[in-house]
Amino acid sequence: MAEATQATGEKKVRPIVPFLKLGDHPHLVGKKCGHCGAVYIGNRVACSKCGTPGGFSEVALSTKGSLWVYSIVHQSAPGIPTPYVAAIVDLPEGVSVRCNIVDVEPDPAKIPFGMPVEMITRKVREDKLGNDVIAFFFRPAKGN
């Protein structure tokens, strides 16, 4: 597959994490326990809520959530611009996702706890074959 992309010169896009689905309506996907309904991000061997092994189905997660935890990062690895807002966003399905908050001034006075946020995607780099790598972020929900 990688050789085919390189040989044709066709540029592709790929998600930065496997639980990000791209397309007309980008969204995150979770795994839902078939026994108790608990939802998780990432693959699971067993449900940590009810202990049932397997039986997970894929479920689309909401693109809107609430900001409850964040940190303004002022010092990072070389090449990573600072300051930026690292956060945990709570989604209505009962899962929390680690992400960066964008399109907001990194000032605690501008970032209230409980702020409604919405998911967006952006190109963050190109891979070795020149394909676009797409990441997800959250930003303040429009209209707030």
# chains A, B, ... in the order shown; residues from 1 in each chain; ligands from 1

$ residues_around --residues "Glu105 in chain A" --least-positions-apart "2" --cutoff "12 Å" --atoms "only C-alpha atoms" --output "ChimeraX atom specification"
/A:72,82-85,101-103,107-112,139-140

$ select_by_dssp --residues "chain A" --states "helix (DSSP H, G or I)" --output "number ranges by chain"
A: 2-8, 108-110

$ residues_around --residues "Val133 in chain A" --least-positions-apart "3" --cutoff "6 Å" --atoms "only C-alpha atoms" --output "list in words"
Val13, Arg14, Pro15, Ile16, Lys123, Val124, Arg125 and Glu126 of chain A

$ write_last_selection --atoms "N, CA and C atoms" --output "PDB file, in the first residue's frame"
ATOM      1  N   VAL A  13      -4.567  11.257   3.007  1.00  0.00           N
ATOM      2  CA  VAL A  13      -4.625  11.760   4.377  1.00  0.00           C
ATOM      3  C   VAL A  13      -4.773  10.566   5.298  1.00  0.00           C
ATOM      4  N   ARG A  14      -4.207  10.688   6.496  1.00  0.00           N
ATOM      5  CA  ARG A  14      -4.353   9.610   7.471  1.00  0.00           C
ATOM      6  C   ARG A  14      -4.501  10.218   8.853  1.00  0.00           C
ATOM      7  N   PRO A  15      -5.297   9.565   9.710  1.00  0.00           N
ATOM      8  CA  PRO A  15      -5.483  10.080  11.071  1.00  0.00           C
ATOM      9  C   PRO A  15      -4.249   9.809  11.919  1.00  0.00           C
ATOM     10  N   ILE A  16      -4.004  10.681  12.874  1.00  0.00           N
ATOM     11  CA  ILE A  16      -2.841  10.541  13.747  1.00  0.00           C
ATOM     12  C   ILE A  16      -3.040   9.425  14.771  1.00  0.00           C
ATOM     13  N   LYS A 123      -4.416  19.462   9.700  1.00  0.00           N
ATOM     14  CA  LYS A 123      -3.170  18.813   9.292  1.00  0.00           C
ATOM     15  C   LYS A 123      -2.086  19.254  10.262  1.00  0.00           C
ATOM     16  N   VAL A 124      -1.316  18.271  10.795  1.00  0.00           N
ATOM     17  CA  VAL A 124      -0.241  18.620  11.726  1.00  0.00           C
ATOM     18  C   VAL A 124       1.139  18.365  11.147  1.00  0.00           C
ATOM     19  N   ARG A 125       1.216  17.515  10.131  1.00  0.00           N
ATOM     20  CA  ARG A 125       2.503  17.252   9.487  1.00  0.00           C
ATOM     21  C   ARG A 125       2.283  16.374   8.269  1.00  0.00           C
ATOM     22  N   GLU A 126       3.387  16.040   7.604  1.00  0.00           N
ATOM     23  CA  GLU A 126       3.360  15.063   6.516  1.00  0.00           C
ATOM     24  C   GLU A 126       4.173  13.863   6.948  1.00  0.00           C
TER      25      GLU A 126
END

$ residues_around --residues "Lys64 in chain A" --least-positions-apart "3" --cutoff "7 Å" --atoms "only C-alpha atoms" --output "ChimeraX atom specification"
/A:91,117-119

$ write_last_selection --atoms "N, CA and C atoms" --output "mmCIF file, in the first residue's frame"
data_model
loop_
_atom_site.group_PDB
_atom_site.id
_atom_site.type_symbol
_atom_site.label_atom_id
_atom_site.label_comp_id
_atom_site.auth_asym_id
_atom_site.auth_seq_id
_atom_site.Cartn_x
_atom_site.Cartn_y
_atom_site.Cartn_z
ATOM 1 N N LEU A 91 -16.990 13.890 27.133
ATOM 2 C CA LEU A 91 -17.985 13.738 26.077
ATOM 3 C C LEU A 91 -19.280 13.184 26.670
ATOM 4 N N VAL A 117 -17.194 22.834 24.222
ATOM 5 C CA VAL A 117 -16.179 22.766 23.174
ATOM 6 C C VAL A 117 -16.661 21.873 22.041
ATOM 7 N N GLU A 118 -16.044 22.042 20.873
ATOM 8 C CA GLU A 118 -16.361 21.216 19.714
ATOM 9 C C GLU A 118 -15.076 20.732 19.068
ATOM 10 N N MET A 119 -15.145 19.546 18.479
ATOM 11 C CA MET A 119 -13.965 18.947 17.855
ATOM 12 C C MET A 119 -13.748 19.506 16.455
#

$ closest_residue --among "A:Asn43, A:Ser48, A:Gln75, A:Thr63" --to "Gly30 in chain A" --atoms "only C-alpha atoms"
A:Asn43

$ residues_around --residues "Gly114 in chain A" --least-positions-apart "5" --cutoff "8 Å" --atoms "only C-alpha atoms" --output "MDAnalysis selection string"
chainID A and resid 66:68

$ closest_residue --among "A:Cys99, A:Val104, A:Ser76, A:Lys49" --to "Ala135 in chain A" --atoms "only C-alpha atoms"
A:Cys99

$ atom_distance --atom1 "CA of Tyr40 in chain A" --atom2 "CA of Gly94 in chain A"
8.3 Å

$ residues_around --residues "Val39 in chain A" --least-positions-apart "2" --cutoff "10 Å" --atoms "only C-alpha atoms" --output "PyMOL selection string"
chain A and resi 29-34+36-37+41-42+47+49+56-59+61+93-96

$ write_last_selection --atoms "N, CA, C and O atoms" --output "PDB file, in the first residue's frame"
ATOM      1  N   VAL A  29     -14.143   7.540  17.577  1.00  0.00           N
ATOM      2  CA  VAL A  29     -14.941   6.340  17.821  1.00  0.00           C
ATOM      3  C   VAL A  29     -14.501   5.711  19.128  1.00  0.00           C
ATOM      4  O   VAL A  29     -13.335   5.777  19.516  1.00  0.00           O
ATOM      5  N   GLY A  30     -15.450   5.124  19.801  1.00  0.00           N
ATOM      6  CA  GLY A  30     -15.186   4.433  21.046  1.00  0.00           C
ATOM      7  C   GLY A  30     -15.597   2.983  20.925  1.00  0.00           C
ATOM      8  O   GLY A  30     -16.160   2.562  19.914  1.00  0.00           O
ATOM      9  N   LYS A  31     -15.324   2.232  21.963  1.00  0.00           N
ATOM     10  CA  LYS A  31     -15.737   0.831  22.054  1.00  0.00           C
ATOM     11  C   LYS A  31     -16.768   0.732  23.163  1.00  0.00           C
ATOM     12  O   LYS A  31     -16.517   1.141  24.302  1.00  0.00           O
ATOM     13  N   LYS A  32     -17.935   0.164  22.841  1.00  0.00           N
ATOM     14  CA  LYS A  32     -19.036   0.056  23.797  1.00  0.00           C
ATOM     15  C   LYS A  32     -19.193  -1.395  24.238  1.00  0.00           C
ATOM     16  O   LYS A  32     -19.276  -2.301  23.410  1.00  0.00           O
ATOM     17  N   CYS A  33     -19.237  -1.595  25.538  1.00  0.00           N
ATOM     18  CA  CYS A  33     -19.417  -2.930  26.110  1.00  0.00           C
ATOM     19  C   CYS A  33     -20.829  -3.425  25.793  1.00  0.00           C
ATOM     20  O   CYS A  33     -21.811  -2.729  26.054  1.00  0.00           O
ATOM     21  N   GLY A  34     -20.909  -4.608  25.213  1.00  0.00           N
ATOM     22  CA  GLY A  34     -22.201  -5.189  24.876  1.00  0.00           C
ATOM     23  C   GLY A  34     -22.986  -5.660  26.083  1.00  0.00           C
ATOM     24  O   GLY A  34     -24.188  -5.896  25.996  1.00  0.00           O
ATOM     25  N   CYS A  36     -22.770  -4.091  29.587  1.00  0.00           N
ATOM     26  CA  CYS A  36     -23.230  -3.012  30.477  1.00  0.00           C
ATOM     27  C   CYS A  36     -23.355  -1.655  29.791  1.00  0.00           C
ATOM     28  O   CYS A  36     -23.897  -0.722  30.365  1.00  0.00           O
ATOM     29  N   GLY A  37     -22.825  -1.527  28.567  1.00  0.00           N
ATOM     30  CA  GLY A  37     -22.950  -0.267  27.840  1.00  0.00           C
ATOM     31  C   GLY A  37     -21.875   0.763  28.119  1.00  0.00           C
ATOM     32  O   GLY A  37     -21.927   1.870  27.586  1.00  0.00           O
ATOM     33  N   ILE A  41     -12.349   4.653  24.983  1.00  0.00           N
ATOM     34  CA  ILE A  41     -11.561   4.998  23.800  1.00  0.00           C
ATOM     35  C   ILE A  41     -10.408   4.013  23.738  1.00  0.00           C
ATOM     36  O   ILE A  41      -9.756   3.746  24.741  1.00  0.00           O
ATOM     37  N   GLY A  42     -10.161   3.464  22.570  1.00  0.00           N
ATOM     38  CA  GLY A  42      -9.084   2.488  22.397  1.00  0.00           C
ATOM     39  C   GLY A  42      -9.597   1.069  22.550  1.00  0.00           C
ATOM     40  O   GLY A  42     -10.738   0.825  22.961  1.00  0.00           O
ATOM     41  N   CYS A  47     -14.169  -5.336  29.855  1.00  0.00           N
ATOM     42  CA  CYS A  47     -14.765  -4.109  30.376  1.00  0.00           C
ATOM     43  C   CYS A  47     -14.289  -3.881  31.804  1.00  0.00           C
ATOM     44  O   CYS A  47     -14.405  -4.780  32.647  1.00  0.00           O
ATOM     45  N   LYS A  49     -15.660  -1.876  33.858  1.00  0.00           N
ATOM     46  CA  LYS A  49     -16.823  -1.587  34.709  1.00  0.00           C
ATOM     47  C   LYS A  49     -17.498  -2.880  35.182  1.00  0.00           C
ATOM     48  O   LYS A  49     -17.757  -3.052  36.360  1.00  0.00           O
ATOM     49  N   PHE A  56     -17.299  -6.044  22.463  1.00  0.00           N
ATOM     50  CA  PHE A  56     -17.340  -4.597  22.249  1.00  0.00           C
ATOM     51  C   PHE A  56     -17.764  -4.277  20.822  1.00  0.00           C
ATOM     52  O   PHE A  56     -17.402  -4.981  19.894  1.00  0.00           O
ATOM     53  N   SER A  57     -18.507  -3.203  20.673  1.00  0.00           N
ATOM     54  CA  SER A  57     -18.877  -2.722  19.342  1.00  0.00           C
ATOM     55  C   SER A  57     -18.384  -1.285  19.197  1.00  0.00           C
ATOM     56  O   SER A  57     -18.238  -0.564  20.180  1.00  0.00           O
ATOM     57  N   GLU A  58     -18.140  -0.897  17.951  1.00  0.00           N
ATOM     58  CA  GLU A  58     -17.659   0.456  17.696  1.00  0.00           C
ATOM     59  C   GLU A  58     -18.838   1.416  17.699  1.00  0.00           C
ATOM     60  O   GLU A  58     -19.899   1.115  17.144  1.00  0.00           O
ATOM     61  N   VAL A  59     -18.648   2.570  18.321  1.00  0.00           N
ATOM     62  CA  VAL A  59     -19.692   3.584  18.400  1.00  0.00           C
ATOM     63  C   VAL A  59     -19.085   4.952  18.111  1.00  0.00           C
ATOM     64  O   VAL A  59     -17.984   5.261  18.568  1.00  0.00           O
ATOM     65  N   LEU A  61     -18.563   8.781  18.586  1.00  0.00           N
ATOM     66  CA  LEU A  61     -18.646   9.670  19.743  1.00  0.00           C
ATOM     67  C   LEU A  61     -19.041  11.071  19.296  1.00  0.00           C
ATOM     68  O   LEU A  61     -18.798  11.473  18.159  1.00  0.00           O
ATOM     69  N   GLU A  93     -21.018  10.703  26.012  1.00  0.00           N
ATOM     70  CA  GLU A  93     -21.079   9.236  26.107  1.00  0.00           C
ATOM     71  C   GLU A  93     -20.425   8.697  27.373  1.00  0.00           C
ATOM     72  O   GLU A  93     -20.415   7.493  27.604  1.00  0.00           O
ATOM     73  N   GLY A  94     -19.867   9.584  28.196  1.00  0.00           N
ATOM     74  CA  GLY A  94     -19.262   9.162  29.453  1.00  0.00           C
ATOM     75  C   GLY A  94     -17.777   8.891  29.364  1.00  0.00           C
ATOM     76  O   GLY A  94     -17.188   8.343  30.288  1.00  0.00           O
ATOM     77  N   VAL A  95     -17.146   9.277  28.267  1.00  0.00           N
ATOM     78  CA  VAL A  95     -15.701   9.112  28.136  1.00  0.00           C
ATOM     79  C   VAL A  95     -15.038  10.480  28.181  1.00  0.00           C
ATOM     80  O   VAL A  95     -15.657  11.501  27.888  1.00  0.00           O
ATOM     81  N   SER A  96     -13.772  10.473  28.550  1.00  0.00           N
ATOM     82  CA  SER A  96     -12.958  11.685  28.555  1.00  0.00           C
ATOM     83  C   SER A  96     -11.828  11.483  27.572  1.00  0.00           C
ATOM     84  O   SER A  96     -11.290  10.381  27.460  1.00  0.00           O
TER      85      SER A  96
END

$ closest_residue --among "A:Asp24, A:Phe137, A:Arg44, A:Gly130" --to "Ala87 in chain A" --atoms "only C-alpha atoms"
A:Phe137

$ residues_around --residues "Ala46 in chain A" --least-positions-apart "4" --cutoff "9 Å" --atoms "only C-alpha atoms" --output "PyMOL selection string"
chain A and resi 33+50-56

$ write_last_selection --atoms "N, CA, C and O atoms" --output "PDB file, in the first residue's frame"
ATOM      1  N   CYS A  33     -19.237  -1.595  25.538  1.00  0.00           N
ATOM      2  CA  CYS A  33     -19.417  -2.930  26.110  1.00  0.00           C
ATOM      3  C   CYS A  33     -20.829  -3.425  25.793  1.00  0.00           C
ATOM      4  O   CYS A  33     -21.811  -2.729  26.054  1.00  0.00           O
ATOM      5  N   CYS A  50     -17.759  -3.813  34.237  1.00  0.00           N
ATOM      6  CA  CYS A  50     -18.480  -5.034  34.614  1.00  0.00           C
ATOM      7  C   CYS A  50     -17.615  -6.291  34.565  1.00  0.00           C
ATOM      8  O   CYS A  50     -18.022  -7.346  35.027  1.00  0.00           O
ATOM      9  N   GLY A  51     -16.412  -6.181  33.974  1.00  0.00           N
ATOM     10  CA  GLY A  51     -15.491  -7.311  33.922  1.00  0.00           C
ATOM     11  C   GLY A  51     -15.735  -8.294  32.794  1.00  0.00           C
ATOM     12  O   GLY A  51     -15.001  -9.270  32.646  1.00  0.00           O
ATOM     13  N   THR A  52     -16.737  -8.068  31.965  1.00  0.00           N
ATOM     14  CA  THR A  52     -17.048  -8.980  30.872  1.00  0.00           C
ATOM     15  C   THR A  52     -15.963  -8.911  29.802  1.00  0.00           C
ATOM     16  O   THR A  52     -15.622  -7.824  29.336  1.00  0.00           O
ATOM     17  N   PRO A  53     -15.417 -10.069  29.400  1.00  0.00           N
ATOM     18  CA  PRO A  53     -14.413 -10.050  28.336  1.00  0.00           C
ATOM     19  C   PRO A  53     -15.071  -9.918  26.959  1.00  0.00           C
ATOM     20  O   PRO A  53     -16.156 -10.451  26.721  1.00  0.00           O
ATOM     21  N   GLY A  54     -14.400  -9.182  26.068  1.00  0.00           N
ATOM     22  CA  GLY A  54     -14.866  -9.065  24.684  1.00  0.00           C
ATOM     23  C   GLY A  54     -16.246  -8.458  24.566  1.00  0.00           C
ATOM     24  O   GLY A  54     -16.760  -7.823  25.473  1.00  0.00           O
ATOM     25  N   GLY A  55     -16.840  -8.659  23.399  1.00  0.00           N
ATOM     26  CA  GLY A  55     -18.197  -8.178  23.159  1.00  0.00           C
ATOM     27  C   GLY A  55     -18.327  -6.683  22.989  1.00  0.00           C
ATOM     28  O   GLY A  55     -19.358  -6.110  23.313  1.00  0.00           O
ATOM     29  N   PHE A  56     -17.299  -6.044  22.463  1.00  0.00           N
ATOM     30  CA  PHE A  56     -17.340  -4.597  22.249  1.00  0.00           C
ATOM     31  C   PHE A  56     -17.764  -4.277  20.822  1.00  0.00           C
ATOM     32  O   PHE A  56     -17.402  -4.981  19.894  1.00  0.00           O
TER      33      PHE A  56
END

$ select_by_dssp --residues "range 12-127 of chain A" --states "strand (DSSP E or B)" --output "VMD selection string"
chain A and resid 13 to 15 20 to 21 27 to 33 39 to 40 46 53 56 to 60 64 to 73 84 to 90 96 to 101 116 to 126

$ closest_residue --among "A:Phe113, A:Ala60, A:Asp90, A:Ala38" --to "Leu20 in chain A" --atoms "only C-alpha atoms"
A:Ala60

$ closest_residue --among "A:Arg98, A:His27, A:His35, A:His74" --to "Ile134 in chain A" --atoms "only C-alpha atoms"
A:His27

$ atom_distance --atom1 "CA of Leu129 in chain A" --atom2 "CA of Val17 in chain A"
17.5 Å

$ closest_residue --among "A:Ala86, A:Phe136, A:Asn100, A:Pro106" --to "Phe19 in chain A" --atoms "only C-alpha atoms"
A:Phe136

$ atom_distance --atom1 "CA of Leu22 in chain A" --atom2 "CA of Pro78 in chain A"
29.2 Å
